[in-house]
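Worksheet: the structure to be examined is printed underneath.
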Amino acid sequence: MILNSQNKRGMTLVELMLAVLLASFVMFAIVRFVEVSLGLWSRAEDTRRHDGRGRAVLQRLRQDLITAHPGQVGDFLVEWQGFDLDGDRANDRTYPRLRMVRRPSALDWRRLTLQEMTVEQRESFAELGFGTGSAAAVGLKNGDWSPEDVAAGIATAPGLVEAAWVLLPDGEGETGAGTLYRAERKRKHNGDRLSFFHDSFVEANGSVEDESLQRVTGGVLWWALEMGTDQSAEDWTVGVAPGQVRLAWDALGQGRPDKESAAQNETAVDIPLVQGRPLLPRKARIVIELETDRGVASAPFLVESLDREVTSFEVSRGESLPAKPGSYVRIGSEWMRFVSRDRDRMVVERGQRGTLPSLHAVDSKIRFGHRTEAIVAIPTSRQEWR
């Protein structure tokens, strides 16, 4: 059987080009879909991880706040310290620190006791053990403890401890973020140089040199306690008017927060003792903003210089800016409130969070972090601890 060669027909050049073009469109769509999906997944994973970091920090601080001691030997001090990071003899960044007296758990007290022991005492303690039926418990019951053991605190009931939370700058570096530290030790008299409330706890330049400081987390762009009473309004506006919450607090009314060092200290509660007891805040909202890895790698920057009056300007990669109005961004040392965005043009409110509008050069990076917050009710009497 002979086939007619005229029935054999291949693709014309036009058809081939159309097929290639159609395949290109399909491949582009697939690649774009994968790219967008990976971007969304990466952003969600970054958010989830930093939200977990933030909540872990807030949970640890919450545990300190709910065990604040309201008795006559208690104290609660929140103050802000200015830092000169660029060497121009003017403070261009302010960071808070909290110092308080709290009642620890038995486990906390035991841990602090072990830290203060000598090597010999620690070895002896390990051999005796602790708990019902242990050699230590039997010795305590029979009155067999030595004066050295009692002095070391092994056989004593938990007392009071001092806790300190300090945010310190890392220097401008890549991000200009800070590192949050925590320290704890057994309660000392305020006049004792080992006390966290002693003037020697803070260096002349505002930094803290204390071997008991332990790193909690880094990459902190903002950390603050907004403290109020039962009469504080629910909108959590900061100020000194009735119903507003405060960013600083002086439980003993000694005027300790330096109002010249930071604008936040101007909101400090400065009231004498209440019936001989320190004045504690009744509630607090803890806020922490952590710069994400994605934010560091792809931070937008200014494409035009800014003077002090400009509130609308062009940036690179506007899509990476916070999507929620009311969020905060930082350029240099100035905080701004994000209002809106139209593609790569953003609108802000200048000079927020106790900072002043400043001049900013082209290519200045725009910093912002993932915000995590929690509201804590602070017991002000022993009955509320139960």
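Here's how to read the names in the structure tokens: chain A, B, ... by the order shown, residue numbers from 1 in each chain, ligand numbers from 1 in the order shown.
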Checklist entry - Residues of region 227-368 of chain A in helix (DSSP H, G or I) according to DSSP, as a list in words? => result Ala263, Gln264, Asn265, Glu266, Thr267, Asp293, Arg294, Gly295, Val296, Ala297, Gly318, Glu319 and Ser320 of chain A
Suppose we keep C-alpha atoms; can you now write the selection as a short mmCIF file (atom, residue, chain, number, x, y, z; two decimals), in the first residue's frame?
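Output contents, as saved in again-v9.cif:
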```cif
data_model
loop_
_atom_site.label_atom_id
_atom_site.label_comp_id
_atom_site.auth_asym_id
_atom_site.auth_seq_id
_atom_site.Cartn_x
_atom_site.Cartn_y
_atom_site.Cartn_z
CA ALA A 263 11.36 62.08 77.59
CA GLN A 264 9.74 58.83 78.76
CA ASN A 265 10.85 59.57 82.34
CA GLU A 266 8.57 62.61 82.39
CA THR A 267 5.62 60.21 82.72
CA ASP A 293 15.81 38.10 59.73
CA ARG A 294 13.79 38.94 56.65
CA GLY A 295 13.52 42.56 57.73
CA VAL A 296 17.29 42.82 58.14
CA ALA A 297 18.02 41.23 54.76
CA GLY A 318 7.45 49.59 49.53
CA GLU A 319 5.73 46.21 49.56
CA SER A 320 7.97 45.09 52.43
#
```
Do you know which residues are at most 7 Å from Pro104 (chain A) counting only C-alpha atoms, after dropping those on the same chain fewer than 3 positions away, and could you put them as an mmCIF file with C-alpha atoms, in the first residue's frame?
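Contents of part_2.cif, freshly written:
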```cif
data_model
loop_
_atom_site.group_PDB
_atom_site.id
_atom_site.type_symbol
_atom_site.label_atom_id
_atom_site.label_comp_id
_atom_site.auth_asym_id
_atom_site.auth_seq_id
_atom_site.Cartn_x
_atom_site.Cartn_y
_atom_site.Cartn_z
ATOM 1 C CA ASP A 108 14.392 29.998 92.184
ATOM 2 C CA TRP A 109 15.646 30.428 95.741
ATOM 3 C CA PRO A 158 12.698 31.423 100.433
ATOM 4 C CA LEU A 160 12.986 38.066 98.661
ATOM 5 C CA VAL A 161 15.068 38.604 95.553
#
```
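Closest approach to Ser261 (chain A) among A:Thr67, A:Ser364, A:Asn205, A:Gln115: A:Asn205, based on only C-alpha atoms.
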Next on the checklist: Based on the backbone DSSP call, show me all residues of region 98-341 of chain A assigned strand (DSSP E), as a PyMOL selection string.
Outcome noted: chain A and resi 98-102+161-169+178-186+214-228+249-250+269-270+283-290+312-314+328-331+334-341
Next on the checklist: Which residues are near region 339-351 of chain A? Cut-off 12 Å, only C-alpha atoms, ignore same chain within fewer than 3 positions. Put them as number ranges by chain.
Outcome noted: A: 263, 300-304, 306-336, 354-359, 366
Item to check | Nearby residues (only C-alpha atoms) at most 6 Å from region 164-166 of chain A, same-chain spacing under 4 positions excluded, as a PyMOL selection string | outcome: chain A and resi 97-99+180-183
Item to check | Nearest residue to Ala361 (chain A) from the set A:Asp92, A:Ser305, A:Thr217, A:Arg256 (distances using only C-alpha atoms) | outcome: A:Ser305
Quick one: contact table of region 182-256 of chain A to region 276-281 of chain A, 7 Å max, nearest atom pair and distance in Å to one decimal per residue, counting only C-alpha atoms, chain and number order, as a tab-separated table?
```
residue	atom	partner	partner_atom	distance
A:Met227	CA	A:Pro281	CA	5.8
A:Gly228	CA	A:Pro281	CA	5.5
A:Thr229	CA	A:Pro281	CA	5.7
A:Ala251	CA	A:Leu279	CA	4.5
A:Leu252	CA	A:Pro278	CA	5.3
```
Mind writing the picked residues with N, CA and C atoms as a tab-separated table (two decimals), in the first residue's frame?
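File written: again24.tsv
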```tsv
chain	number	residue	atom	x	y	z
A	227	MET	N	2.37	51.14	82.16
A	227	MET	CA	1.83	50.78	83.47
A	227	MET	C	0.72	51.72	83.91
A	228	GLY	N	-0.29	51.14	84.53
A	228	GLY	CA	-1.42	51.94	84.96
A	228	GLY	C	-2.04	51.42	86.25
A	229	THR	N	-3.09	52.10	86.68
A	229	THR	CA	-3.84	51.73	87.88
A	229	THR	C	-5.22	51.26	87.48
A	251	ALA	N	8.23	53.49	92.62
A	251	ALA	CA	7.34	53.01	93.66
A	251	ALA	C	7.57	53.69	95.00
A	252	LEU	N	8.77	54.22	95.24
A	252	LEU	CA	9.08	54.84	96.51
A	252	LEU	C	8.94	56.35	96.47
```
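As for CA of Ala56 (chain A) and CA of Thr380 (chain A), they are spaced 24.5 Å apart.
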Next on the checklist: I'd like the contact shell of Leu85 (chain A) - 12 Å cut-off, only C-alpha atoms, skipping same-chain residues fewer than 6 positions apart - returned as JSON, numbers by chain.
Outcome noted: {"A": [91, 92, 93, 94, 95, 168, 169, 170, 171, 172, 173, 176, 177, 178, 205, 206, 207, 332, 333]}
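Comparing the minimum interatomic distances between Ala268 (chain A) and each of A:Asp51, A:Asp250, A:Glu289, A:Glu234, counting only C-alpha atoms, we find that A:Asp250 sits nearest.
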Checklist entry - If we count only C-alpha atoms, what is near Leu58 (chain A) at a cut-off of 12 Å, once residues fewer than 5 positions away on the same chain are taken out, given as number ranges by chain? => result A: 51-53, 63-65, 165, 180, 216-217, 223-225, 284-289, 371-376
Resulting file, chosen residues, C-alpha atoms, as a short mmCIF file (atom, residue, chain, number, x, y, z; two decimals), in the first residue's frame:
```cif
data_model
loop_
_atom_site.label_atom_id
_atom_site.label_comp_id
_atom_site.auth_asym_id
_atom_site.auth_seq_id
_atom_site.Cartn_x
_atom_site.Cartn_y
_atom_site.Cartn_z
CA ASP A 51 6.29 35.63 67.54
CA GLY A 52 7.42 32.61 69.52
CA ARG A 53 10.56 34.46 70.62
CA GLN A 63 6.27 35.74 85.87
CA ASP A 64 8.43 38.41 87.49
CA LEU A 65 5.65 41.02 87.47
CA TRP A 165 15.61 43.75 83.17
CA LEU A 180 17.68 42.45 76.42
CA VAL A 216 17.54 37.01 77.06
CA THR A 217 17.29 37.92 73.37
CA TRP A 223 10.74 47.17 74.51
CA ALA A 224 8.51 48.98 76.99
CA LEU A 225 6.16 48.56 79.94
CA ALA A 284 0.92 46.61 82.74
CA ARG A 285 1.05 46.09 79.02
CA ILE A 286 4.38 44.66 77.89
CA VAL A 287 5.40 45.46 74.31
CA ILE A 288 8.38 44.07 72.44
CA GLU A 289 9.29 44.52 68.78
CA ARG A 371 5.33 43.27 67.57
CA THR A 372 4.25 41.04 70.44
CA GLU A 373 2.37 42.29 73.49
CA ALA A 374 0.70 41.01 76.63
CA ILE A 375 -1.37 42.55 79.42
CA VAL A 376 -0.50 41.55 82.99
#
```
Checklist outcome for this item: Correct to one decimal, the distance CA of Pro257 (chain A)-CA of Arg282 (chain A) is 19.4 Å
So that I can check the surroundings of Val240 (chain A), please list as a PDB file with N, CA and C atoms, in the first residue's frame every protein, DNA and RNA residue that reaches within 9 Å of it, counting only C-alpha atoms and ignoring chain neighbours fewer than 2 positions away.
```
ATOM      1  N   VAL A 238      -0.457  56.950  76.513  1.00  0.00           N
ATOM      2  CA  VAL A 238       0.620  57.292  77.440  1.00  0.00           C
ATOM      3  C   VAL A 238       0.610  58.789  77.720  1.00  0.00           C
ATOM      4  N   PRO A 242      -4.922  62.250  84.135  1.00  0.00           N
ATOM      5  CA  PRO A 242      -5.676  61.179  84.798  1.00  0.00           C
ATOM      6  C   PRO A 242      -6.201  60.160  83.779  1.00  0.00           C
ATOM      7  N   GLY A 243      -6.039  58.896  84.095  1.00  0.00           N
ATOM      8  CA  GLY A 243      -6.503  57.840  83.202  1.00  0.00           C
ATOM      9  C   GLY A 243      -5.469  57.368  82.207  1.00  0.00           C
ATOM     10  N   GLN A 244      -4.359  58.094  82.046  1.00  0.00           N
ATOM     11  CA  GLN A 244      -3.327  57.671  81.113  1.00  0.00           C
ATOM     12  C   GLN A 244      -2.307  56.772  81.805  1.00  0.00           C
ATOM     13  N   VAL A 245      -1.659  55.928  81.015  1.00  0.00           N
ATOM     14  CA  VAL A 245      -0.663  55.006  81.562  1.00  0.00           C
ATOM     15  C   VAL A 245       0.725  55.640  81.467  1.00  0.00           C
ATOM     16  N   ARG A 246       1.651  55.087  82.225  1.00  0.00           N
ATOM     17  CA  ARG A 246       2.994  55.658  82.333  1.00  0.00           C
ATOM     18  C   ARG A 246       4.037  54.698  81.768  1.00  0.00           C
ATOM     19  N   GLU A 266       9.486  61.552  81.970  1.00  0.00           N
ATOM     20  CA  GLU A 266       8.575  62.610  82.392  1.00  0.00           C
ATOM     21  C   GLU A 266       7.202  62.059  82.792  1.00  0.00           C
ATOM     22  N   THR A 267       6.901  60.821  82.367  1.00  0.00           N
ATOM     23  CA  THR A 267       5.621  60.209  82.722  1.00  0.00           C
ATOM     24  C   THR A 267       5.692  59.424  84.016  1.00  0.00           C
ATOM     25  N   ALA A 268       6.848  59.461  84.694  1.00  0.00           N
ATOM     26  CA  ALA A 268       7.038  58.617  85.881  1.00  0.00           C
ATOM     27  C   ALA A 268       6.062  58.975  86.989  1.00  0.00           C
ATOM     28  N   VAL A 269       5.507  57.959  87.624  1.00  0.00           N
ATOM     29  CA  VAL A 269       4.699  58.148  88.819  1.00  0.00           C
ATOM     30  C   VAL A 269       5.642  58.486  89.966  1.00  0.00           C
TER      31      VAL A 269
END
```
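For the atom pair formed by CA of Val119 (chain A) and CA of Lys188 (chain A), the distance is 22.7 Å, given to one decimal.
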